[in-house]
Amino acid sequence: QVQLVESGGGLVQAGGSLRLSCAASGRTFSGYAMGWFRQTPGKEREFVAAIIWSDGSTYYADSVKGRFTISRDNDKNTVYLQMNSLKPEDTAVYYCAAGFWPSSLKYYYTDWAYNYWGQGTQVTVSS
């Protein structure tokens with residue numbers, strides 16, 4: 001079993017920055033991928049970014065490419081999402097997810113590729 005705990009959300013003005021953290025615990029992390037998704041009321045959860053744990057490859061949704069950066073700290077079993085140049089449309093609950101299936105490598109952009117999810121952290125960007 002894996003527990004994921006997100007932190008770092010909050011209220012920020014447009015153009016500002018936030019850094020989200022996702023700490024994994026419960027077992028030695030040897031997962032295939034970790035991802036960030038976000039969701040707003042009435043909408044489906046959408047992919048934001050993913051990182052492949054073994055080689056550090058990163059992937060981004062077009063809407064955040066160039067503004068967000070996903071990274072990992074292997075020693076701390078922690079994944080970060082640095083969010084710069086935030087826009088009001090980035091407002092959402094952000095979820096961290098961990099994928100332990102081989103298919104997580106290929107389908108990192110889909111929520112069904114992930115076994116475990118955090119509780120979510122609210123990010124609000126004011127205009």
# chains A, B, ... in the order shown; residues from 1 in each chain; ligands from 1
call {"tool": "select_by_dssp", "arguments": {"residues": "region 83-115 of chain A", "states": "strand (DSSP E)", "output": "number ranges by chain"}}
result
A: 83, 92-99
call {"tool": "closest_atom_pairs", "arguments": {"of": "region 56-79 of chain A", "to": "region 32-35 of chain A", "cutoff": "10 Å", "atoms": "only C-alpha atoms", "output": "tab-separated table"}}
result
residue	atom	partner	partner_atom	distance
A:Gly56	CA	A:Ala33	CA	9.2
A:Ser57	CA	A:Ala33	CA	9.4
A:Thr58	CA	A:Gly35	CA	9.5
A:Tyr59	CA	A:Gly35	CA	9.1
A:Tyr60	CA	A:Gly35	CA	9.6
A:Ile70	CA	A:Gly35	CA	8.6
A:Ser71	CA	A:Met34	CA	9.8
A:Arg72	CA	A:Met34	CA	9.1
A:Thr78	CA	A:Met34	CA	9.7
A:Val79	CA	A:Met34	CA	7.6
call {"tool": "residues_around", "arguments": {"residues": "region 89-101 of chain A", "least_positions_apart": "2", "cutoff": "6 Å", "atoms": "only C-alpha atoms", "output": "list in words"}}
result
Gly31, Tyr32, Ala33, Met34, Gly35, Trp36, Phe37, Arg38, Gln39, Thr40, Lys87, Ser103, Ser104, Tyr114, Asn115, Tyr116, Trp117, Gly118, Gly120, Thr121, Gln122, Val123, Thr124 and Val125 of chain A
call {"tool": "write_last_selection", "arguments": {"atoms": "N, CA and C atoms", "output": "PDB file, in the first residue's frame"}}
result
ATOM      1  N   GLY A  31       7.723   2.491  -8.119  1.00  0.00           N
ATOM      2  CA  GLY A  31       6.679   2.650  -9.109  1.00  0.00           C
ATOM      3  C   GLY A  31       7.217   3.036 -10.467  1.00  0.00           C
ATOM      4  N   TYR A  32       6.391   2.889 -11.456  1.00  0.00           N
ATOM      5  CA  TYR A  32       6.785   3.217 -12.802  1.00  0.00           C
ATOM      6  C   TYR A  32       6.634   4.688 -13.128  1.00  0.00           C
ATOM      7  N   ALA A  33       5.567   5.292 -12.644  1.00  0.00           N
ATOM      8  CA  ALA A  33       5.314   6.678 -13.007  1.00  0.00           C
ATOM      9  C   ALA A  33       4.580   7.389 -11.888  1.00  0.00           C
ATOM     10  N   MET A  34       4.801   8.683 -11.826  1.00  0.00           N
ATOM     11  CA  MET A  34       3.998   9.520 -10.948  1.00  0.00           C
ATOM     12  C   MET A  34       3.462  10.680 -11.767  1.00  0.00           C
ATOM     13  N   GLY A  35       2.238  11.041 -11.459  1.00  0.00           N
ATOM     14  CA  GLY A  35       1.601  12.077 -12.254  1.00  0.00           C
ATOM     15  C   GLY A  35       0.846  13.080 -11.406  1.00  0.00           C
ATOM     16  N   TRP A  36       0.574  14.211 -12.039  1.00  0.00           N
ATOM     17  CA  TRP A  36      -0.297  15.222 -11.458  1.00  0.00           C
ATOM     18  C   TRP A  36      -1.496  15.399 -12.376  1.00  0.00           C
ATOM     19  N   PHE A  37      -2.656  15.408 -11.772  1.00  0.00           N
ATOM     20  CA  PHE A  37      -3.906  15.667 -12.478  1.00  0.00           C
ATOM     21  C   PHE A  37      -4.622  16.807 -11.757  1.00  0.00           C
ATOM     22  N   ARG A  38      -5.604  17.391 -12.423  1.00  0.00           N
ATOM     23  CA  ARG A  38      -6.387  18.430 -11.776  1.00  0.00           C
ATOM     24  C   ARG A  38      -7.842  18.295 -12.177  1.00  0.00           C
ATOM     25  N   GLN A  39      -8.698  18.833 -11.327  1.00  0.00           N
ATOM     26  CA  GLN A  39     -10.132  18.719 -11.575  1.00  0.00           C
ATOM     27  C   GLN A  39     -10.855  19.946 -11.037  1.00  0.00           C
ATOM     28  N   THR A  40     -11.786  20.434 -11.833  1.00  0.00           N
ATOM     29  CA  THR A  40     -12.664  21.522 -11.412  1.00  0.00           C
ATOM     30  C   THR A  40     -14.092  20.985 -11.357  1.00  0.00           C
ATOM     31  N   LYS A  87      -2.359  31.053 -14.306  1.00  0.00           N
ATOM     32  CA  LYS A  87      -3.507  31.709 -14.917  1.00  0.00           C
ATOM     33  C   LYS A  87      -4.770  31.331 -14.150  1.00  0.00           C
ATOM     34  N   SER A 103       1.895  -0.625 -17.707  1.00  0.00           N
ATOM     35  CA  SER A 103       1.118   0.242 -18.603  1.00  0.00           C
ATOM     36  C   SER A 103       1.163   1.700 -18.170  1.00  0.00           C
ATOM     37  N   SER A 104       1.583   1.949 -16.934  1.00  0.00           N
ATOM     38  CA  SER A 104       1.701   3.336 -16.471  1.00  0.00           C
ATOM     39  C   SER A 104       2.719   4.109 -17.302  1.00  0.00           C
ATOM     40  N   TYR A 114      -3.007   4.739 -13.031  1.00  0.00           N
ATOM     41  CA  TYR A 114      -2.440   4.980 -11.705  1.00  0.00           C
ATOM     42  C   TYR A 114      -3.203   4.192 -10.640  1.00  0.00           C
ATOM     43  N   ASN A 115      -2.436   3.575  -9.728  1.00  0.00           N
ATOM     44  CA  ASN A 115      -3.016   2.748  -8.674  1.00  0.00           C
ATOM     45  C   ASN A 115      -3.428   3.559  -7.449  1.00  0.00           C
ATOM     46  N   TYR A 116      -2.653   4.571  -7.148  1.00  0.00           N
ATOM     47  CA  TYR A 116      -2.840   5.277  -5.883  1.00  0.00           C
ATOM     48  C   TYR A 116      -2.982   6.778  -6.136  1.00  0.00           C
ATOM     49  N   TRP A 117      -3.797   7.395  -5.290  1.00  0.00           N
ATOM     50  CA  TRP A 117      -4.079   8.825  -5.427  1.00  0.00           C
ATOM     51  C   TRP A 117      -3.985   9.519  -4.079  1.00  0.00           C
ATOM     52  N   GLY A 118      -3.546  10.759  -4.121  1.00  0.00           N
ATOM     53  CA  GLY A 118      -3.569  11.580  -2.932  1.00  0.00           C
ATOM     54  C   GLY A 118      -4.945  12.191  -2.718  1.00  0.00           C
ATOM     55  N   GLY A 120      -5.672  15.394  -2.681  1.00  0.00           N
ATOM     56  CA  GLY A 120      -5.862  16.612  -3.461  1.00  0.00           C
ATOM     57  C   GLY A 120      -5.525  17.863  -2.678  1.00  0.00           C
ATOM     58  N   THR A 121      -5.088  18.876  -3.397  1.00  0.00           N
ATOM     59  CA  THR A 121      -4.798  20.168  -2.792  1.00  0.00           C
ATOM     60  C   THR A 121      -5.351  21.265  -3.705  1.00  0.00           C
ATOM     61  N   GLN A 122      -6.009  22.248  -3.101  1.00  0.00           N
ATOM     62  CA  GLN A 122      -6.672  23.287  -3.875  1.00  0.00           C
ATOM     63  C   GLN A 122      -5.671  24.350  -4.317  1.00  0.00           C
ATOM     64  N   VAL A 123      -5.740  24.692  -5.585  1.00  0.00           N
ATOM     65  CA  VAL A 123      -4.977  25.805  -6.137  1.00  0.00           C
ATOM     66  C   VAL A 123      -5.978  26.807  -6.706  1.00  0.00           C
ATOM     67  N   THR A 124      -5.909  28.037  -6.229  1.00  0.00           N
ATOM     68  CA  THR A 124      -6.804  29.080  -6.706  1.00  0.00           C
ATOM     69  C   THR A 124      -5.977  30.249  -7.223  1.00  0.00           C
ATOM     70  N   VAL A 125      -6.217  30.615  -8.473  1.00  0.00           N
ATOM     71  CA  VAL A 125      -5.488  31.712  -9.100  1.00  0.00           C
ATOM     72  C   VAL A 125      -6.483  32.842  -9.354  1.00  0.00           C
TER      73      VAL A 125
END
call {"tool": "atom_distance", "arguments": {"atom1": "CA of Leu4 (chain A)", "atom2": "CA of Asp55 (chain A)"}}
result
20.8 Å
call {"tool": "select_by_dssp", "arguments": {"residues": "chain A", "states": "helix (DSSP H, G or I)", "output": "list in words"}}
result
Pro88, Glu89, Asp90, Ser103, Ser104, Leu105, Lys106, Asp111, Trp112 and Ala113 of chain A
call {"tool": "write_last_selection", "arguments": {"atoms": "N, CA, C and O atoms", "output": "mmCIF file, in the first residue's frame"}}
result
data_model
loop_
_atom_site.group_PDB
_atom_site.id
_atom_site.type_symbol
_atom_site.label_atom_id
_atom_site.label_comp_id
_atom_site.auth_asym_id
_atom_site.auth_seq_id
_atom_site.Cartn_x
_atom_site.Cartn_y
_atom_site.Cartn_z
ATOM 1 N N PRO A 88 -5.797 32.158 -14.201
ATOM 2 C CA PRO A 88 -7.048 31.790 -13.516
ATOM 3 C C PRO A 88 -7.580 30.427 -13.945
ATOM 4 O O PRO A 88 -8.164 29.707 -13.120
ATOM 5 N N GLU A 89 -7.361 30.052 -15.199
ATOM 6 C CA GLU A 89 -7.851 28.744 -15.659
ATOM 7 C C GLU A 89 -7.067 27.570 -15.086
ATOM 8 O O GLU A 89 -7.438 26.416 -15.290
ATOM 9 N N ASP A 90 -5.987 27.854 -14.355
ATOM 10 C CA ASP A 90 -5.276 26.791 -13.651
ATOM 11 C C ASP A 90 -5.929 26.453 -12.312
ATOM 12 O O ASP A 90 -5.523 25.498 -11.647
ATOM 13 N N SER A 103 1.895 -0.625 -17.707
ATOM 14 C CA SER A 103 1.118 0.242 -18.603
ATOM 15 C C SER A 103 1.163 1.700 -18.170
ATOM 16 O O SER A 103 0.837 2.596 -18.957
ATOM 17 N N SER A 104 1.583 1.949 -16.934
ATOM 18 C CA SER A 104 1.701 3.336 -16.471
ATOM 19 C C SER A 104 2.719 4.109 -17.302
ATOM 20 O O SER A 104 2.618 5.330 -17.442
ATOM 21 N N LEU A 105 3.715 3.387 -17.848
ATOM 22 C CA LEU A 105 4.744 4.045 -18.643
ATOM 23 C C LEU A 105 4.176 4.581 -19.947
ATOM 24 O O LEU A 105 4.553 5.640 -20.417
ATOM 25 N N LYS A 106 3.261 3.826 -20.522
ATOM 26 C CA LYS A 106 2.726 4.200 -21.832
ATOM 27 C C LYS A 106 1.510 5.099 -21.716
ATOM 28 O O LYS A 106 1.316 6.004 -22.523
ATOM 29 N N ASP A 111 -5.998 8.605 -16.229
ATOM 30 C CA ASP A 111 -6.056 8.371 -14.787
ATOM 31 C C ASP A 111 -6.138 6.891 -14.443
ATOM 32 O O ASP A 111 -5.766 6.492 -13.339
ATOM 33 N N TRP A 112 -6.594 6.049 -15.352
ATOM 34 C CA TRP A 112 -6.689 4.623 -15.035
ATOM 35 C C TRP A 112 -5.321 3.946 -14.989
ATOM 36 O O TRP A 112 -5.203 2.794 -14.590
ATOM 37 N N ALA A 113 -4.258 4.641 -15.417
ATOM 38 C CA ALA A 113 -2.907 4.068 -15.368
ATOM 39 C C ALA A 113 -2.281 4.155 -13.982
ATOM 40 O O ALA A 113 -1.171 3.684 -13.780
#
call {"tool": "atom_distance", "arguments": {"atom1": "CA of Gln119 (chain A)", "atom2": "CA of Gly10 (chain A)"}}
result
14.8 Å
call {"tool": "atom_distance", "arguments": {"atom1": "CA of Val5 (chain A)", "atom2": "CA of Ala24 (chain A)"}}
result
6.7 Å
call {"tool": "residues_around", "arguments": {"residues": "Ser21 (chain A)", "least_positions_apart": "4", "cutoff": "7 Å", "atoms": "only C-alpha atoms", "output": "count of residues only"}}
result
7
call {"tool": "residues_around", "arguments": {"residues": "Phe68 (chain A)", "least_positions_apart": "6", "cutoff": "8 Å", "atoms": "only C-alpha atoms", "output": "VMD selection string"}}
result
chain A and resid 81 to 84
call {"tool": "decode", "arguments": {"residues": "region 55-68 of chain A", "atoms": "all heavy atoms", "output": "mmCIF file, in the first residue's frame"}}
result
data_model
loop_
_atom_site.group_PDB
_atom_site.id
_atom_site.type_symbol
_atom_site.label_atom_id
_atom_site.label_comp_id
_atom_site.auth_asym_id
_atom_site.auth_seq_id
_atom_site.Cartn_x
_atom_site.Cartn_y
_atom_site.Cartn_z
ATOM 1 N N ASP A 55 13.901 6.835 -15.128
ATOM 2 C CA ASP A 55 14.845 7.626 -15.910
ATOM 3 C C ASP A 55 14.554 9.129 -15.891
ATOM 4 O O ASP A 55 15.300 9.899 -16.500
ATOM 5 C CB ASP A 55 14.886 7.145 -17.360
ATOM 6 C CG ASP A 55 13.556 7.347 -18.093
ATOM 7 O OD1 ASP A 55 12.648 7.977 -17.532
ATOM 8 O OD2 ASP A 55 13.448 6.863 -19.236
ATOM 9 N N GLY A 56 13.509 9.534 -15.193
ATOM 10 C CA GLY A 56 13.211 10.953 -15.068
ATOM 11 C C GLY A 56 12.562 11.596 -16.264
ATOM 12 O O GLY A 56 12.438 12.831 -16.303
ATOM 13 N N SER A 57 12.150 10.818 -17.237
ATOM 14 C CA SER A 57 11.460 11.404 -18.395
ATOM 15 C C SER A 57 10.200 12.131 -17.923
ATOM 16 O O SER A 57 9.501 11.655 -17.037
ATOM 17 C CB SER A 57 11.069 10.306 -19.383
ATOM 18 O OG SER A 57 12.202 9.661 -19.882
ATOM 19 N N THR A 58 9.933 13.265 -18.535
ATOM 20 C CA THR A 58 8.785 14.072 -18.134
ATOM 21 C C THR A 58 7.848 14.328 -19.306
ATOM 22 O O THR A 58 8.285 14.376 -20.470
ATOM 23 C CB THR A 58 9.232 15.413 -17.545
ATOM 24 O OG1 THR A 58 10.043 16.105 -18.506
ATOM 25 C CG2 THR A 58 10.037 15.202 -16.275
ATOM 26 N N TYR A 59 6.589 14.498 -18.994
ATOM 27 C CA TYR A 59 5.551 14.729 -19.996
ATOM 28 C C TYR A 59 4.575 15.769 -19.444
ATOM 29 O O TYR A 59 4.305 15.790 -18.239
ATOM 30 C CB TYR A 59 4.810 13.431 -20.307
ATOM 31 C CG TYR A 59 5.721 12.317 -20.751
ATOM 32 C CD1 TYR A 59 6.254 11.419 -19.837
ATOM 33 C CD2 TYR A 59 6.065 12.175 -22.093
ATOM 34 C CE1 TYR A 59 7.112 10.404 -20.236
ATOM 35 C CE2 TYR A 59 6.920 11.160 -22.499
ATOM 36 C CZ TYR A 59 7.431 10.289 -21.563
ATOM 37 O OH TYR A 59 8.278 9.289 -21.962
ATOM 38 N N TYR A 60 4.054 16.591 -20.351
ATOM 39 C CA TYR A 60 3.170 17.681 -19.934
ATOM 40 C C TYR A 60 1.967 17.811 -20.846
ATOM 41 O O TYR A 60 2.043 17.535 -22.043
ATOM 42 C CB TYR A 60 3.923 19.008 -19.956
ATOM 43 C CG TYR A 60 5.102 19.054 -19.019
ATOM 44 C CD1 TYR A 60 6.380 18.715 -19.458
ATOM 45 C CD2 TYR A 60 4.936 19.415 -17.687
ATOM 46 C CE1 TYR A 60 7.460 18.739 -18.597
ATOM 47 C CE2 TYR A 60 6.014 19.446 -16.814
ATOM 48 C CZ TYR A 60 7.271 19.103 -17.279
ATOM 49 O OH TYR A 60 8.329 19.128 -16.416
ATOM 50 N N ALA A 61 0.874 18.276 -20.260
ATOM 51 C CA ALA A 61 -0.259 18.670 -21.074
ATOM 52 C C ALA A 61 0.108 19.947 -21.821
ATOM 53 O O ALA A 61 0.885 20.772 -21.320
ATOM 54 C CB ALA A 61 -1.477 18.919 -20.184
ATOM 55 N N ASP A 62 -0.445 20.115 -22.989
ATOM 56 C CA ASP A 62 -0.135 21.299 -23.788
ATOM 57 C C ASP A 62 -0.459 22.582 -23.041
ATOM 58 O O ASP A 62 0.223 23.596 -23.196
ATOM 59 C CB ASP A 62 -0.903 21.263 -25.114
ATOM 60 C CG ASP A 62 -0.357 20.216 -26.068
ATOM 61 O OD1 ASP A 62 0.790 19.759 -25.868
ATOM 62 O OD2 ASP A 62 -1.079 19.855 -27.009
ATOM 63 N N SER A 63 -1.493 22.548 -22.229
ATOM 64 C CA SER A 63 -1.955 23.754 -21.545
ATOM 65 C C SER A 63 -0.976 24.266 -20.494
ATOM 66 O O SER A 63 -1.061 25.432 -20.090
ATOM 67 C CB SER A 63 -3.315 23.486 -20.897
ATOM 68 O OG SER A 63 -3.218 22.415 -19.978
ATOM 69 N N VAL A 64 -0.050 23.408 -20.055
ATOM 70 C CA VAL A 64 0.887 23.825 -19.003
ATOM 71 C C VAL A 64 2.338 23.795 -19.474
ATOM 72 O O VAL A 64 3.238 24.214 -18.730
ATOM 73 C CB VAL A 64 0.746 22.961 -17.741
ATOM 74 C CG1 VAL A 64 -0.707 22.944 -17.268
ATOM 75 C CG2 VAL A 64 1.249 21.539 -17.972
ATOM 76 N N LYS A 65 2.573 23.291 -20.670
ATOM 77 C CA LYS A 65 3.939 23.163 -21.179
ATOM 78 C C LYS A 65 4.620 24.526 -21.216
ATOM 79 O O LYS A 65 4.054 25.511 -21.678
ATOM 80 C CB LYS A 65 3.900 22.542 -22.572
ATOM 81 C CG LYS A 65 5.178 21.878 -23.005
ATOM 82 C CD LYS A 65 4.959 21.116 -24.300
ATOM 83 C CE LYS A 65 4.043 19.928 -24.122
ATOM 84 N NZ LYS A 65 3.877 19.137 -25.355
ATOM 85 N N GLY A 66 5.830 24.578 -20.683
ATOM 86 C CA GLY A 66 6.575 25.833 -20.633
ATOM 87 C C GLY A 66 6.329 26.639 -19.374
ATOM 88 O O GLY A 66 7.065 27.594 -19.094
ATOM 89 N N ARG A 67 5.291 26.282 -18.629
ATOM 90 C CA ARG A 67 4.981 26.998 -17.376
ATOM 91 C C ARG A 67 5.160 26.117 -16.142
ATOM 92 O O ARG A 67 5.550 26.613 -15.084
ATOM 93 C CB ARG A 67 3.541 27.512 -17.412
ATOM 94 C CG ARG A 67 3.247 28.474 -18.553
ATOM 95 C CD ARG A 67 1.864 29.086 -18.406
ATOM 96 N NE ARG A 67 0.799 28.092 -18.478
ATOM 97 C CZ ARG A 67 -0.098 27.889 -17.513
ATOM 98 N NH1 ARG A 67 -0.064 28.611 -16.410
ATOM 99 N NH2 ARG A 67 -1.052 26.978 -17.666
ATOM 100 N N PHE A 68 4.855 24.836 -16.278
ATOM 101 C CA PHE A 68 4.954 23.905 -15.158
ATOM 102 C C PHE A 68 6.156 22.982 -15.347
ATOM 103 O O PHE A 68 6.496 22.614 -16.478
ATOM 104 C CB PHE A 68 3.705 23.040 -15.058
ATOM 105 C CG PHE A 68 2.452 23.772 -14.633
ATOM 106 C CD1 PHE A 68 2.398 25.158 -14.570
ATOM 107 C CD2 PHE A 68 1.308 23.050 -14.297
ATOM 108 C CE1 PHE A 68 1.238 25.818 -14.186
ATOM 109 C CE2 PHE A 68 0.150 23.689 -13.906
ATOM 110 C CZ PHE A 68 0.116 25.078 -13.852
#
